[in-house]
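The next block holds one structure in the form of structure tokens; read it before the comments.
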Amino acid sequence: MEPHHYDRGMRLLERLSLERLRRGLLREARGAVLELGTGTGANLPLYGRDVQVTAIDVRPGHLAAAGRKARRAGMAATVVCANAQDLPYADAAFDTVVGTLVFCSIDRPEAALAEVRRVLRPDGRLLLLEHVRGLTPWSRRLTDWLHPLWFALQGECRLNRETAATVAAAGFHLDHTASHGRGLLQIIRATPIAEPHRP
Ligand SMILES: C[S@@+](CC[C@H](N)C(=O)[O-])C[C@H]1O[C@@H](n2cnc3c(N)ncnc32)[C@H](O)[C@@H]1O
């Protein structure tokens, strides 16, 4: 999808609730921040000025739009074409990893979360805002029912991922989760569980 089509398609949702949820979450980002799947850069103007943001995506066209958005907002973000499943960064390089509406799109979320765990400092935080498999009975039925058609039409976004469970299974403690958007969106705040000490 062209970057301007994505932005236009998202405009109403951003006004209704997404931008407010993004702002609230991004306020918690600290220090060196890695943003996964930044897309057209919706988050970049919303960070505080005291963080150093590296924003990655696999789509060069989206990254170019993200870079323009950051510059217009006076935000000095570094945008890099990279895959979340194979991050080109050293161990413990980041204080915060952010993802918004991205774990629906990553082919192998388990691989990406293993990489997040590797590049995150032991006292770092993972901050996610994701659309997920419905968190209420009706929204679960809706996402399960719509998912096959939706995925067949656009081939990337899964409507029924249980991202919080995947994050926990990848070795993170779920510090806080909150349901929004009538059970279709979830904010997830997580920290890496310390590896057992091996003598
Ligand atoms: C639905 S868009 C969300 C964009 C943005 N985070 C937002 O909140 O609007 C998902 C983005 O994830 C990117 N993506 C998908 N798989 C990825 C991967 N393995 N590594 C990095 N980015 C990926 C896509 O290219 C796309 O730009």
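Letters A, B, ... mark the chains of the structure tokens in the order given; residue numbers begin at 1 per chain; ligand numbers begin at 1, in order shown.
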Can you tell me which residues come within 7 Å of ligand 1 when counting only C-alpha atoms and all ligand atoms, ideally as a PDB file with N, CA and C atoms, in the first residue's frame?
ATOM      1  N   LEU A  36       9.887  -0.617  16.057  1.00  0.00           N
ATOM      2  CA  LEU A  36       9.760  -1.684  15.053  1.00  0.00           C
ATOM      3  C   LEU A  36       8.648  -1.352  14.075  1.00  0.00           C
ATOM      4  N   GLY A  37       8.872  -1.571  12.795  1.00  0.00           N
ATOM      5  CA  GLY A  37       7.801  -1.406  11.801  1.00  0.00           C
ATOM      6  C   GLY A  37       7.156  -0.041  11.893  1.00  0.00           C
ATOM      7  N   THR A  38       7.980   0.983  11.774  1.00  0.00           N
ATOM      8  CA  THR A  38       7.488   2.356  11.966  1.00  0.00           C
ATOM      9  C   THR A  38       6.509   2.780  10.882  1.00  0.00           C
ATOM     10  N   GLY A  39       6.510   2.069   9.743  1.00  0.00           N
ATOM     11  CA  GLY A  39       5.584   2.404   8.659  1.00  0.00           C
ATOM     12  C   GLY A  39       5.825   3.815   8.166  1.00  0.00           C
ATOM     13  N   THR A  40       4.748   4.589   8.049  1.00  0.00           N
ATOM     14  CA  THR A  40       4.879   5.958   7.549  1.00  0.00           C
ATOM     15  C   THR A  40       5.230   6.934   8.675  1.00  0.00           C
ATOM     16  N   GLY A  41       5.539   6.424   9.847  1.00  0.00           N
ATOM     17  CA  GLY A  41       6.097   7.266  10.913  1.00  0.00           C
ATOM     18  C   GLY A  41       5.074   8.000  11.765  1.00  0.00           C
ATOM     19  N   ALA A  42       3.895   7.423  11.921  1.00  0.00           N
ATOM     20  CA  ALA A  42       2.840   8.105  12.694  1.00  0.00           C
ATOM     21  C   ALA A  42       3.307   8.474  14.101  1.00  0.00           C
ATOM     22  N   ASN A  43       4.188   7.653  14.677  1.00  0.00           N
ATOM     23  CA  ASN A  43       4.603   7.932  16.061  1.00  0.00           C
ATOM     24  C   ASN A  43       5.697   8.996  16.153  1.00  0.00           C
ATOM     25  N   ILE A  56      12.761   1.376  12.441  1.00  0.00           N
ATOM     26  CA  ILE A  56      13.043   0.441  11.342  1.00  0.00           C
ATOM     27  C   ILE A  56      11.752  -0.001  10.662  1.00  0.00           C
ATOM     28  N   ASP A  57      11.909  -0.395   9.405  1.00  0.00           N
ATOM     29  CA  ASP A  57      10.810  -0.995   8.660  1.00  0.00           C
ATOM     30  C   ASP A  57      11.424  -1.747   7.480  1.00  0.00           C
ATOM     31  N   VAL A  58      10.660  -2.671   6.915  1.00  0.00           N
ATOM     32  CA  VAL A  58      11.163  -3.392   5.737  1.00  0.00           C
ATOM     33  C   VAL A  58      10.782  -2.687   4.437  1.00  0.00           C
ATOM     34  N   ARG A  59       9.974  -1.641   4.507  1.00  0.00           N
ATOM     35  CA  ARG A  59       9.495  -0.983   3.286  1.00  0.00           C
ATOM     36  C   ARG A  59      10.187   0.365   3.088  1.00  0.00           C
ATOM     37  N   HIS A  62       7.826   3.445   2.773  1.00  0.00           N
ATOM     38  CA  HIS A  62       7.237   3.886   4.036  1.00  0.00           C
ATOM     39  C   HIS A  62       8.277   4.637   4.863  1.00  0.00           C
ATOM     40  N   ALA A  82      15.326  -2.364   7.926  1.00  0.00           N
ATOM     41  CA  ALA A  82      15.786  -3.567   8.632  1.00  0.00           C
ATOM     42  C   ALA A  82      14.576  -4.417   8.991  1.00  0.00           C
ATOM     43  N   ASN A  83      14.870  -5.703   9.211  1.00  0.00           N
ATOM     44  CA  ASN A  83      13.823  -6.660   9.539  1.00  0.00           C
ATOM     45  C   ASN A  83      13.823  -6.921  11.049  1.00  0.00           C
ATOM     46  N   ALA A  84      12.658  -6.808  11.664  1.00  0.00           N
ATOM     47  CA  ALA A  84      12.548  -7.013  13.118  1.00  0.00           C
ATOM     48  C   ALA A  84      12.956  -8.427  13.519  1.00  0.00           C
ATOM     49  N   GLN A  85      12.922  -9.352  12.574  1.00  0.00           N
ATOM     50  CA  GLN A  85      13.283 -10.736  12.892  1.00  0.00           C
ATOM     51  C   GLN A  85      14.793 -10.971  12.880  1.00  0.00           C
ATOM     52  N   GLY A  99       6.461  -0.815  19.592  1.00  0.00           N
ATOM     53  CA  GLY A  99       5.795  -1.322  18.390  1.00  0.00           C
ATOM     54  C   GLY A  99       4.344  -0.904  18.433  1.00  0.00           C
ATOM     55  N   THR A 100       3.848  -0.324  17.327  1.00  0.00           N
ATOM     56  CA  THR A 100       2.418  -0.003  17.282  1.00  0.00           C
ATOM     57  C   THR A 100       1.844  -0.590  15.997  1.00  0.00           C
ATOM     58  N   LEU A 101       0.826  -1.397  16.142  1.00  0.00           N
ATOM     59  CA  LEU A 101       0.120  -2.034  15.021  1.00  0.00           C
ATOM     60  C   LEU A 101       1.102  -2.788  14.140  1.00  0.00           C
ATOM     61  N   VAL A 102       2.060  -3.454  14.751  1.00  0.00           N
ATOM     62  CA  VAL A 102       3.116  -4.092  13.964  1.00  0.00           C
ATOM     63  C   VAL A 102       3.160  -5.607  14.154  1.00  0.00           C
ATOM     64  N   SER A 105       1.601  -7.798  11.639  1.00  0.00           N
ATOM     65  CA  SER A 105       2.183  -7.874  10.292  1.00  0.00           C
ATOM     66  C   SER A 105       3.451  -8.704  10.216  1.00  0.00           C
ATOM     67  N   ILE A 106       4.166  -8.837  11.334  1.00  0.00           N
ATOM     68  CA  ILE A 106       5.448  -9.549  11.304  1.00  0.00           C
ATOM     69  C   ILE A 106       5.181 -11.044  11.104  1.00  0.00           C
ATOM     70  N   ASP A 107       5.850 -11.649  10.126  1.00  0.00           N
ATOM     71  CA  ASP A 107       5.583 -13.057   9.792  1.00  0.00           C
ATOM     72  C   ASP A 107       5.842 -13.978  10.980  1.00  0.00           C
ATOM     73  N   CYS A 157      -1.704  -8.421   7.249  1.00  0.00           N
ATOM     74  CA  CYS A 157      -2.190  -8.108   8.595  1.00  0.00           C
ATOM     75  C   CYS A 157      -3.111  -9.221   9.111  1.00  0.00           C
TER      76      CYS A 157
END
inquiry  = Can you tell me which residues surround stretch 162-168 of chain A at a distance of at most 12 Å, considering only C-alpha atoms, apart from same-chain residues fewer than 4 positions away, and format the answer as a ChimeraX atom specification?
reply    = /A:99-106,108-117,126-135,140,143-144,158,172-179,184-193
message = Just list as JSON, numbers by chain whatever in stretch 2-186 of chain A DSSP marks as helix (DSSP H, G or I).
response = {"A": [3, 4, 5, 6, 7, 8, 9, 10, 11, 12, 13, 14, 15, 16, 17, 18, 19, 20, 21, 22, 23, 24, 25, 26, 44, 45, 46, 60, 61, 62, 63, 64, 65, 66, 67, 68, 69, 70, 71, 72, 109, 110, 111, 112, 113, 114, 115, 116, 117, 118, 119, 137, 138, 139, 140, 141, 142, 143, 144, 145, 146, 147, 148, 149, 150, 151, 152, 153, 154, 163, 164, 165, 166, 167, 168, 169, 181, 182, 183]}
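Separating atom CA of A:Leu159 from atom CA of A:Glu28 is a distance of 26.3 Å.
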task = Excluding A:Glu2 and any residue of its chain fewer than 2 positions from it, enumerate the residues within 10 Å of it, using only C-alpha atoms, and give them as a list in words.
result = His4, His5, Tyr6, Asp7, Thr40, Gly61, His62 and Ala65 of chain A
message = I need the residues of stretch 34-178 of chain A that end up classed as strand (DSSP E or B) by DSSP on the backbone, written out as an NGL selection string.
response = :A and (34-36 or 52-57 or 78-81 or 94-100 or 120-131 or 172-178)
How would the residues just picked look written out with N, CA and C atoms as a compact mmCIF listing (two decimals), in the first residue's frame?
# COMPACT_ATOMS: atom_id res chain seq x y z
N LEU A 34 14.13 1.91 20.14
CA LEU A 34 14.01 1.24 18.85
C LEU A 34 12.53 1.08 18.55
N GLU A 35 12.10 1.64 17.41
CA GLU A 35 10.70 1.44 17.01
C GLU A 35 10.65 0.44 15.85
N LEU A 36 9.89 -0.62 16.06
CA LEU A 36 9.76 -1.68 15.05
C LEU A 36 8.65 -1.35 14.07
N GLN A 52 16.29 9.18 21.91
CA GLN A 52 16.99 9.02 20.63
C GLN A 52 16.32 7.84 19.92
N VAL A 53 15.58 8.16 18.87
CA VAL A 53 14.75 7.13 18.24
C VAL A 53 15.42 6.57 16.98
N THR A 54 15.50 5.24 16.92
CA THR A 54 15.87 4.53 15.69
C THR A 54 14.61 3.82 15.24
N ALA A 55 14.16 4.11 14.02
CA ALA A 55 12.90 3.55 13.54
C ALA A 55 13.20 2.64 12.36
N ILE A 56 12.76 1.38 12.44
CA ILE A 56 13.04 0.44 11.34
C ILE A 56 11.75 0.00 10.66
N ASP A 57 11.91 -0.39 9.40
CA ASP A 57 10.81 -1.00 8.66
C ASP A 57 11.42 -1.75 7.48
N THR A 78 16.45 8.40 13.50
CA THR A 78 17.23 7.69 12.49
C THR A 78 16.33 6.62 11.90
N VAL A 79 16.13 6.62 10.58
CA VAL A 79 15.28 5.60 9.97
C VAL A 79 16.15 4.61 9.19
N VAL A 80 15.87 3.33 9.40
CA VAL A 80 16.74 2.27 8.87
C VAL A 80 15.88 1.17 8.26
N CYS A 81 16.29 0.70 7.07
CA CYS A 81 15.59 -0.43 6.47
C CYS A 81 16.13 -1.71 7.10
N PHE A 94 19.37 -0.98 23.49
CA PHE A 94 18.24 -0.05 23.62
C PHE A 94 17.61 -0.08 25.02
N ASP A 95 17.13 1.10 25.44
CA ASP A 95 16.41 1.21 26.71
C ASP A 95 14.93 0.88 26.54
N THR A 96 14.40 1.17 25.38
CA THR A 96 12.97 0.98 25.13
C THR A 96 12.79 0.42 23.72
N VAL A 97 11.93 -0.56 23.57
CA VAL A 97 11.51 -0.98 22.22
C VAL A 97 10.01 -0.71 22.11
N VAL A 98 9.62 -0.06 21.01
CA VAL A 98 8.23 0.33 20.79
C VAL A 98 7.70 -0.38 19.54
N GLY A 99 6.46 -0.81 19.59
CA GLY A 99 5.80 -1.32 18.39
C GLY A 99 4.34 -0.90 18.43
N THR A 100 3.85 -0.32 17.33
CA THR A 100 2.42 0.00 17.28
C THR A 100 1.84 -0.59 16.00
N LEU A 120 17.33 -5.39 23.89
CA LEU A 120 16.83 -4.59 25.01
C LEU A 120 17.73 -4.77 26.22
N ARG A 121 18.02 -3.67 26.92
CA ARG A 121 18.83 -3.79 28.15
C ARG A 121 18.02 -4.60 29.17
N PRO A 122 18.69 -5.23 30.11
CA PRO A 122 17.97 -6.06 31.09
C PRO A 122 16.91 -5.26 31.86
N ASP A 123 17.16 -3.94 32.06
CA ASP A 123 16.17 -3.12 32.76
C ASP A 123 15.32 -2.30 31.77
N GLY A 124 15.34 -2.71 30.51
CA GLY A 124 14.59 -1.97 29.48
C GLY A 124 13.12 -2.35 29.46
N ARG A 125 12.36 -1.63 28.62
CA ARG A 125 10.92 -1.89 28.54
C ARG A 125 10.45 -2.05 27.10
N LEU A 126 9.50 -2.93 26.95
CA LEU A 126 8.83 -3.12 25.66
C LEU A 126 7.44 -2.48 25.76
N LEU A 127 7.15 -1.55 24.85
CA LEU A 127 5.87 -0.83 24.88
C LEU A 127 5.14 -1.10 23.57
N LEU A 128 3.98 -1.72 23.66
CA LEU A 128 3.23 -2.07 22.45
C LEU A 128 1.81 -1.53 22.48
N LEU A 129 1.34 -1.12 21.31
CA LEU A 129 -0.08 -0.81 21.09
C LEU A 129 -0.47 -1.63 19.87
N GLU A 130 -1.26 -2.67 20.09
CA GLU A 130 -1.52 -3.62 19.01
C GLU A 130 -3.02 -3.85 18.83
N HIS A 131 -3.42 -4.11 17.57
CA HIS A 131 -4.77 -4.66 17.44
C HIS A 131 -4.61 -6.17 17.52
N PHE A 172 9.09 -12.43 28.55
CA PHE A 172 8.82 -11.11 29.12
C PHE A 172 7.79 -11.23 30.24
N HIS A 173 7.96 -10.34 31.22
CA HIS A 173 6.92 -10.20 32.24
C HIS A 173 5.93 -9.15 31.75
N LEU A 174 4.64 -9.48 31.77
CA LEU A 174 3.63 -8.49 31.36
C LEU A 174 3.35 -7.59 32.56
N ASP A 175 3.94 -6.39 32.55
CA ASP A 175 3.77 -5.48 33.70
C ASP A 175 2.36 -4.91 33.74
N HIS A 176 1.81 -4.66 32.55
CA HIS A 176 0.49 -4.04 32.50
C HIS A 176 -0.10 -4.25 31.10
N THR A 177 -1.33 -4.70 31.05
CA THR A 177 -2.03 -4.73 29.76
C THR A 177 -3.35 -4.00 29.93
N ALA A 178 -3.80 -3.35 28.88
CA ALA A 178 -5.07 -2.63 28.96
C ALA A 178 -5.79 -2.77 27.63
